[in-house]
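Student: Once you've had a glance at the structure underneath, I'll fire off some questions.
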Amino acid sequence: MTGSAFPWCRRTVARLAAGAGTLALLLSGAACGRSAPEAPARGPAPAAPAARITAPTVLLVTIDTLRADRVGCYGRADAGTPALDALAAAGARFDDAQTTAPLTLPAHASIHTGRTLPAHGVRNNGTFAVPPDVPVAADAFQHAGYVTGAFVSSPVLAFRHGLARGFQQYDDDIPRGTRREGLVTHYDERAGIDTVRRALAWLSQQGGRPAFVWVHLWEPHAPYHPPAEFARFADRYQGEVAAADAALGVLVREVAALGRERVLVAVAGDHGEGLGEHGEPTHGVYLYRATMRVPLIVSGPAFGVKPAVIAQPASLADLAPTLLGLAGLPGLRGADGLSLADALTGKGPFPARAGVFAESHLPQIEFGWSGLRALVTPEHKFIDAPRPELFDLRADPDERKDLSAQRADVDRERRALEEAVRRAAAAAPASGADRSASSAELDTLRSLGYAASGRRISARRLVDPQAADAKDRATFLARYDEATGLVERGSAPQAVTLFEALDREDSRNPGLLLAYGQALIMARRLDDAVKVFRRAVAVDPGYSLAWYRLGQLLDNAKDVKGAENAYRRAIDADPLSLEPRKALASFLADQGRLDQAIDTLERAKELDPQDRAINGDLERFYARTRR
Ligand SMILES: [Zn+2]
């Protein structure tokens, strides 16, 4: 396993790495001059200690890819997490908090909506957005008179994915191209301390008003390159955990220094990290404890939160209802997560429930295999898959010994899981053709990509007994990871050889075909790459990124008709995507079709009003029309 590869996020990674989308850029792997922004201006440093502010301050901090057992207060020696440990000592620490999905965007959608995946509909990174009719916590805080600000560290949570609703300030202005290492490269990211500084600068300008602030830190996500001051950690993942904790520490200290006295702090990992357990290096495919169990700490003496360690399973979907409850505000309509506010303040018992559940759609969407679904109770974990698994969590917390063949309770666990999913789905926003919405509302949904992606995915059954079982593909995944690692290290011909072998084993795997085609581009075998991308879109006609790459190749080969068709198919397949729109606009402008180019970019601008490349191109195209 390589520490730096993270194949499960490949589709989005490559889309984000695409820059302005010229093939020359792909081949050179160089950062793109056209879209590379100047570094964003740092906000001013927080002001000197101000007057006492007694209005409530709610800080929600999500730390990406943070495994619970890598945090000091969860038992890790030398974790380097003093800020998390101090919050846990003063507040409530959930010992068995579970994510709703081992992926960033779906998990954050749960954190903000109080809903599990069947209820909010966001099943994967990239092509999904929180539907506009699903209530979000920020909106509720804003309506209650709070100022609301969000500061994220990865484009996975960009404005267009629907989490910005309710936030008066949504700062996703992340420098591009900071870690570009070839065609398929790493997510752009902002250092946690920079994100924290931006949040503090904003908060310092809000006077004494109640405030709801969400800060997202990305450090523990692969690749693991901790800042120099955390090089003392031999384990680079742990160094990244310590770096995120240090940023959290600055946030908590500086908020106090602003004079804010009534502070409620909630910190959660959005999912964990496999680190090789069960054959998974990163996260996104499996639903085992390494990626499912997350740290969750709620600290707020001024809000009545009592120090406690909570053993019962909790879900990240409980977080928004709990924060609203602690702030004395009503819950969110349709939430299937529970408010634990009474339990945290000693006013009531921990609510009873059948268990908490999670889903993994990535194996189905990316690889064409069956998806997975899991139910966690204090005693058991049941994972529904073509071959289900049942673990006794007390005797076997690492989930090594599947009891499903020996135990009669598999059917009972499955019924409990299905009932939980049914209850969650009942709250789901009715989307698509049968929704009795105005055409304007449906247009909004479509422009946000929800209706299109929701329809495509929901047509399939998540746990499909006829499809491949992801746990039977662990060796395949390891070799896939090896091949993508070779591409990243510049050894494209060797990667192609490995991808050819994998393709013989699993010839209708869209994610594999995409990675294989990209390796062929890097190996300068462009005609072969065209053939492979054509196979990818035949297997999955809704595969936006494969259409986009095909468009780039055909554009390069001067196949004007083919290129335009492929770009348009890419946009239809993923209405949220920006890169195919930018590429189509450049293509149209090259053809002298300036009005259409402008129209295309205006639609892209609706998705990301701040994108400098879009705004720059629009300015140039408008200037040309005035000549
Ligand atoms: Zn994440």
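Numbering starts fresh at 1 for the residues of each chain in the structure tokens, the chains themselves are lettered A, B, ... in the order given, and ligands are numbered from 1 as they appear.
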As a PyMOL selection string, which residues of stretch 300-448 of chain A does DSSP assign to helix (DSSP H, G or I)?
Tutor: chain A and resi 301-303+316-326+341-345+362-367+410-426+439-447
Student: Run DSSP on the backbone of this structure and report the residues of stretch 344-431 of chain A it assigns to strand (DSSP E or B), as a list in words.
Tutor: Val356, Phe357, Ala358, Glu359, Ser360, Leu372, Arg373, Ala374, Leu375, Val376, His380, Lys381, Phe382, Ile383, Asp384, Glu389, Leu390, Phe391 and Asp392 of chain A
Student: Which residues, written as a VMD selection string, have at least one atom at most 12 Å from A:Thr377, with only C-alpha atoms counted and residues fewer than 3 positions away on the same chain left out?
Tutor: chain A and resid 96 to 98 311 to 315 352 to 358 374 380 to 383 390 to 394 413 416 to 417
Student: Mind writing the picked residues with C-alpha atoms as an mmCIF file, in the first residue's frame?
Tutor:
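Contents of the output file out23.cif:
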```
data_model
loop_
_atom_site.group_PDB
_atom_site.id
_atom_site.type_symbol
_atom_site.label_atom_id
_atom_site.label_comp_id
_atom_site.auth_asym_id
_atom_site.auth_seq_id
_atom_site.Cartn_x
_atom_site.Cartn_y
_atom_site.Cartn_z
ATOM 1 C CA ASP A 96 -18.670 5.012 19.245
ATOM 2 C CA ALA A 97 -19.656 7.704 16.749
ATOM 3 C CA GLN A 98 -20.214 6.455 13.225
ATOM 4 C CA ALA A 311 -20.656 4.530 24.902
ATOM 5 C CA GLN A 312 -23.836 4.217 22.819
ATOM 6 C CA PRO A 313 -23.446 4.353 19.051
ATOM 7 C CA ALA A 314 -24.176 7.808 17.638
ATOM 8 C CA SER A 315 -24.345 8.985 14.046
ATOM 9 C CA ALA A 352 -33.214 4.467 22.294
ATOM 10 C CA ARG A 353 -32.861 3.247 18.743
ATOM 11 C CA ALA A 354 -32.273 0.086 16.753
ATOM 12 C CA GLY A 355 -28.781 1.161 15.728
ATOM 13 C CA VAL A 356 -27.104 3.589 13.356
ATOM 14 C CA PHE A 357 -26.471 2.843 9.728
ATOM 15 C CA ALA A 358 -24.200 3.823 6.879
ATOM 16 C CA ALA A 374 -24.175 -1.444 7.441
ATOM 17 C CA HIS A 380 -23.130 -6.113 16.456
ATOM 18 C CA LYS A 381 -22.231 -4.811 13.084
ATOM 19 C CA PHE A 382 -24.149 -6.184 10.154
ATOM 20 C CA ILE A 383 -22.824 -5.391 6.672
ATOM 21 C CA LEU A 390 -21.986 -10.098 10.917
ATOM 22 C CA PHE A 391 -19.465 -9.168 13.602
ATOM 23 C CA ASP A 392 -19.640 -9.403 17.374
ATOM 24 C CA LEU A 393 -18.194 -6.000 18.238
ATOM 25 C CA ARG A 394 -17.527 -6.820 21.897
ATOM 26 C CA GLU A 413 -30.267 -7.682 11.491
ATOM 27 C CA ALA A 416 -33.628 -3.886 11.257
ATOM 28 C CA LEU A 417 -31.323 -2.329 8.674
#
```
Student: Where does chain A meet ligand 1 within 6 Å, residue by residue, with the nearest atom pair and distance in Å to one decimal for each, counting only C-alpha atoms and all ligand atoms, listed by chain and rising number, as a Markdown table?
Tutor:
```
| residue | atom | partner | partner_atom_place_in_ligand_line | distance |
| --- | --- | --- | --- | --- |
| A:Asp64 | CA | ligand 1 | 1 (Zn) | 4.4 |
| A:Thr65 | CA | ligand 1 | 1 (Zn) | 5.0 |
| A:Leu103 | CA | ligand 1 | 1 (Zn) | 5.2 |
| A:Thr104 | CA | ligand 1 | 1 (Zn) | 3.3 |
| A:Asp270 | CA | ligand 1 | 1 (Zn) | 5.3 |
| A:His271 | CA | ligand 1 | 1 (Zn) | 5.9 |
```
Student: Write a file of the just-selected residues containing all heavy atoms, as a PDB file, in the first residue's frame.
Tutor:
```pdb
ATOM      1  N   ASP A  64     -11.104  16.192   8.303  1.00  0.00           N
ATOM      2  CA  ASP A  64     -11.280  15.173   7.282  1.00  0.00           C
ATOM      3  C   ASP A  64     -10.418  13.954   7.564  1.00  0.00           C
ATOM      4  O   ASP A  64      -9.266  14.068   7.976  1.00  0.00           O
ATOM      5  CB  ASP A  64     -10.926  15.767   5.908  1.00  0.00           C
ATOM      6  CG  ASP A  64     -11.871  15.251   4.846  1.00  0.00           C
ATOM      7  OD1 ASP A  64     -11.726  14.073   4.454  1.00  0.00           O
ATOM      8  OD2 ASP A  64     -12.765  15.999   4.424  1.00  0.00           O
ATOM      9  N   THR A  65     -11.012  12.754   7.352  1.00  0.00           N
ATOM     10  CA  THR A  65     -10.238  11.512   7.332  1.00  0.00           C
ATOM     11  C   THR A  65      -9.565  11.226   8.676  1.00  0.00           C
ATOM     12  O   THR A  65      -8.484  10.662   8.734  1.00  0.00           O
ATOM     13  CB  THR A  65      -9.178  11.568   6.202  1.00  0.00           C
ATOM     14  OG1 THR A  65      -9.740  12.214   5.052  1.00  0.00           O
ATOM     15  CG2 THR A  65      -8.746  10.187   5.773  1.00  0.00           C
ATOM     16  N   LEU A 103     -17.146   8.865   2.895  1.00  0.00           N
ATOM     17  CA  LEU A 103     -16.759   9.821   1.849  1.00  0.00           C
ATOM     18  C   LEU A 103     -17.097  11.242   2.299  1.00  0.00           C
ATOM     19  O   LEU A 103     -18.125  11.469   2.941  1.00  0.00           O
ATOM     20  CB  LEU A 103     -17.523   9.550   0.554  1.00  0.00           C
ATOM     21  CG  LEU A 103     -16.935   8.581  -0.467  1.00  0.00           C
ATOM     22  CD1 LEU A 103     -17.816   8.582  -1.702  1.00  0.00           C
ATOM     23  CD2 LEU A 103     -15.502   8.921  -0.831  1.00  0.00           C
ATOM     24  N   THR A 104     -16.271  12.189   1.850  1.00  0.00           N
ATOM     25  CA  THR A 104     -16.334  13.557   2.381  1.00  0.00           C
ATOM     26  C   THR A 104     -17.675  14.248   2.155  1.00  0.00           C
ATOM     27  O   THR A 104     -18.300  14.734   3.103  1.00  0.00           O
ATOM     28  CB  THR A 104     -15.205  14.393   1.745  1.00  0.00           C
ATOM     29  OG1 THR A 104     -13.966  13.745   2.041  1.00  0.00           O
ATOM     30  CG2 THR A 104     -15.190  15.800   2.294  1.00  0.00           C
ATOM     31  N   ASP A 270     -14.989  13.299   9.539  1.00  0.00           N
ATOM     32  CA  ASP A 270     -16.090  12.994   8.604  1.00  0.00           C
ATOM     33  C   ASP A 270     -16.124  11.507   8.265  1.00  0.00           C
ATOM     34  O   ASP A 270     -17.169  10.955   7.911  1.00  0.00           O
ATOM     35  CB  ASP A 270     -16.025  13.870   7.343  1.00  0.00           C
ATOM     36  CG  ASP A 270     -14.788  13.636   6.495  1.00  0.00           C
ATOM     37  OD1 ASP A 270     -13.779  13.107   7.005  1.00  0.00           O
ATOM     38  OD2 ASP A 270     -14.838  13.989   5.291  1.00  0.00           O
ATOM     39  N   HIS A 271     -14.986  10.846   8.380  1.00  0.00           N
ATOM     40  CA  HIS A 271     -14.838   9.394   8.210  1.00  0.00           C
ATOM     41  C   HIS A 271     -13.420   9.095   8.629  1.00  0.00           C
ATOM     42  O   HIS A 271     -12.628  10.023   8.853  1.00  0.00           O
ATOM     43  CB  HIS A 271     -15.092   8.953   6.760  1.00  0.00           C
ATOM     44  CG  HIS A 271     -14.308   9.757   5.779  1.00  0.00           C
ATOM     45  ND1 HIS A 271     -12.953   9.609   5.614  1.00  0.00           N
ATOM     46  CD2 HIS A 271     -14.668  10.791   4.971  1.00  0.00           C
ATOM     47  CE1 HIS A 271     -12.521  10.490   4.727  1.00  0.00           C
ATOM     48  NE2 HIS A 271     -13.538  11.243   4.335  1.00  0.00           N
TER      49      HIS A 271
END
```
Student: Excluding stretch 563-567 of chain A and residues on its chain fewer than 3 positions from it, collect all residues at most 7 Å away from it, counting only C-alpha atoms, and give them as a ChimeraX atom specification.
Tutor: /A:547-548,550-552,554-555,559-560,570-571,580,584
Student: When distances are computed from only C-alpha atoms, which of A:Leu296, A:Ala470, A:Leu316, A:Arg333 shows the smallest separation from A:Ser360?
Tutor: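 The shortest atom-to-atom distance to A:Ser360 comes from A:Ala470.
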Student: Quick check, in Å to one decimal: how far apart do atom CA of A:Phe151 and atom CA of A:Phe233 lie?
Tutor: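 Atom-to-atom, atom CA of A:Phe151 and atom CA of A:Phe233 are spaced 27.3 Å apart.
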Student: Taking 3 positions as the minimum chain separation for residues in the same chain, which residues sit within 8 Å of stretch 619-624 of chain A when counting only C-alpha atoms? Answer as a list in words.
Tutor: Ala589, Leu594, Ala597, Ile598, Asn615, Gly616 and Arg627 of chain A
Student: Do a neighbour search on A:Pro210 at 6 Å with only C-alpha atoms, toss out local chain neighbours closer than 2 positions, and write the hits as a VMD selection string.
Tutor: chain A and resid 55 to 57 146
Student: Just all heavy atoms for this one: save the residues we selected as a tab-separated table (two decimals), in the first residue's frame.
Tutor:
```tsv
chain	number	residue	atom	x	y	z
A	55	ALA	N	-23.05	36.70	23.72
A	55	ALA	CA	-23.91	36.03	22.73
A	55	ALA	C	-23.32	34.66	22.41
A	55	ALA	O	-22.10	34.49	22.44
A	55	ALA	CB	-24.00	36.88	21.47
A	56	PRO	N	-24.17	33.68	22.10
A	56	PRO	CA	-23.65	32.33	21.85
A	56	PRO	C	-22.77	32.26	20.60
A	56	PRO	O	-23.03	32.94	19.61
A	56	PRO	CB	-24.91	31.48	21.69
A	56	PRO	CG	-26.02	32.44	21.43
A	56	PRO	CD	-25.63	33.73	22.07
A	57	THR	N	-21.74	31.42	20.70
A	57	THR	CA	-20.86	31.14	19.56
A	57	THR	C	-20.85	29.62	19.38
A	57	THR	O	-20.47	28.90	20.30
A	57	THR	CB	-19.43	31.62	19.85
A	57	THR	OG1	-19.47	32.99	20.22
A	57	THR	CG2	-18.53	31.42	18.63
A	146	TYR	N	-28.28	34.37	14.14
A	146	TYR	CA	-26.83	34.15	14.16
A	146	TYR	C	-26.20	34.67	12.86
A	146	TYR	O	-26.82	34.56	11.79
A	146	TYR	CB	-26.51	32.65	14.26
A	146	TYR	CG	-26.71	32.02	15.61
A	146	TYR	CD1	-27.97	31.97	16.21
A	146	TYR	CD2	-25.64	31.42	16.28
A	146	TYR	CE1	-28.15	31.37	17.45
A	146	TYR	CE2	-25.82	30.81	17.52
A	146	TYR	CZ	-27.07	30.80	18.10
A	146	TYR	OH	-27.25	30.19	19.31
```
Student: Nearest to A:Gly208 among A:Gly259, A:Pro118, A:Pro102, A:Gly371, with distances taken over only C-alpha atoms: which residue is it?
Tutor: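 Looking only at the distances to A:Gly208, the closest residue turns out to be A:Gly259.
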Student: Report the closest atom pair, with its distance in Å rounded to one decimal, for each residue of stretch 280-304 of chain A that has an atom no farther than 12 Å from stretch 319-322 of chain A; count only C-alpha atoms, sort by chain and then rising residue number, and write it as a tab-separated table.
Tutor:
```
residue	atom	partner	partner_atom	distance
A:Leu296	CA	A:Leu319	CA	9.0
A:Ile297	CA	A:Leu319	CA	10.1
A:Val298	CA	A:Leu319	CA	9.2
A:Ser299	CA	A:Thr322	CA	12.0
A:Phe303	CA	A:Thr322	CA	11.6
```
Student: May I have the selected residues written with N, CA, C and O atoms, as a compact mmCIF listing (two decimals), in the first residue's frame?
Tutor:
```txt
# COMPACT_ATOMS: atom_id res chain seq x y z
N LEU A 296 -15.89 12.18 17.84
CA LEU A 296 -16.96 13.19 17.94
C LEU A 296 -16.94 13.72 19.36
O LEU A 296 -17.12 12.96 20.32
N ILE A 297 -16.68 15.01 19.48
CA ILE A 297 -16.54 15.65 20.79
C ILE A 297 -17.40 16.91 20.79
O ILE A 297 -17.35 17.70 19.84
N VAL A 298 -18.20 17.05 21.84
CA VAL A 298 -19.02 18.26 21.99
C VAL A 298 -18.69 18.87 23.34
O VAL A 298 -18.86 18.22 24.37
N SER A 299 -18.18 20.09 23.32
CA SER A 299 -17.77 20.75 24.55
C SER A 299 -18.44 22.10 24.65
O SER A 299 -18.34 22.92 23.73
N PHE A 303 -23.26 25.89 27.74
CA PHE A 303 -24.51 25.39 27.15
C PHE A 303 -25.05 24.21 27.95
O PHE A 303 -25.96 23.53 27.51
```
Student: Between atom CA of A:Arg236 and atom CA of A:His221, measure the distance and give it in Å to one decimal.
Tutor: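 Between these atoms lies a distance of 10.9 Å.
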Student: Taking only C-alpha atoms into account, which of A:Arg407, A:His283, A:Lys605, A:His161 comes nearest A:Ala101?
Tutor: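 Of all the options, A:His283 lies closest to A:Ala101.
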Student: Go ahead and compute the interatomic distance for atom CA of A:Leu324 and atom CA of A:Ala341, in Å to one decimal.
Tutor: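 Computed distance, atom CA of A:Leu324 to atom CA of A:Ala341, equals 8.4 Å.
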Student: Counting only C-alpha atoms, which residue out of A:Ala583, A:Ala266, A:Leu117, A:Leu60 sits closest to A:Ala138?
Tutor: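 Using only C-alpha atoms, the shortest distance to A:Ala138 belongs to A:Leu60.
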Student: Find the residues around A:Leu248 up to 12 Å (only C-alpha atoms counted), leave out those fewer than 3 positions away in its own chain, and share them as a count of residues only.
Tutor: 41
Student: Using only C-alpha atoms, can you tell me which of A:Leu618, A:Ala201, A:Ala343, A:Ala613 comes closest to A:Leu326?
Tutor: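 Ranked by minimum distance to A:Leu326, first place goes to A:Ala343.
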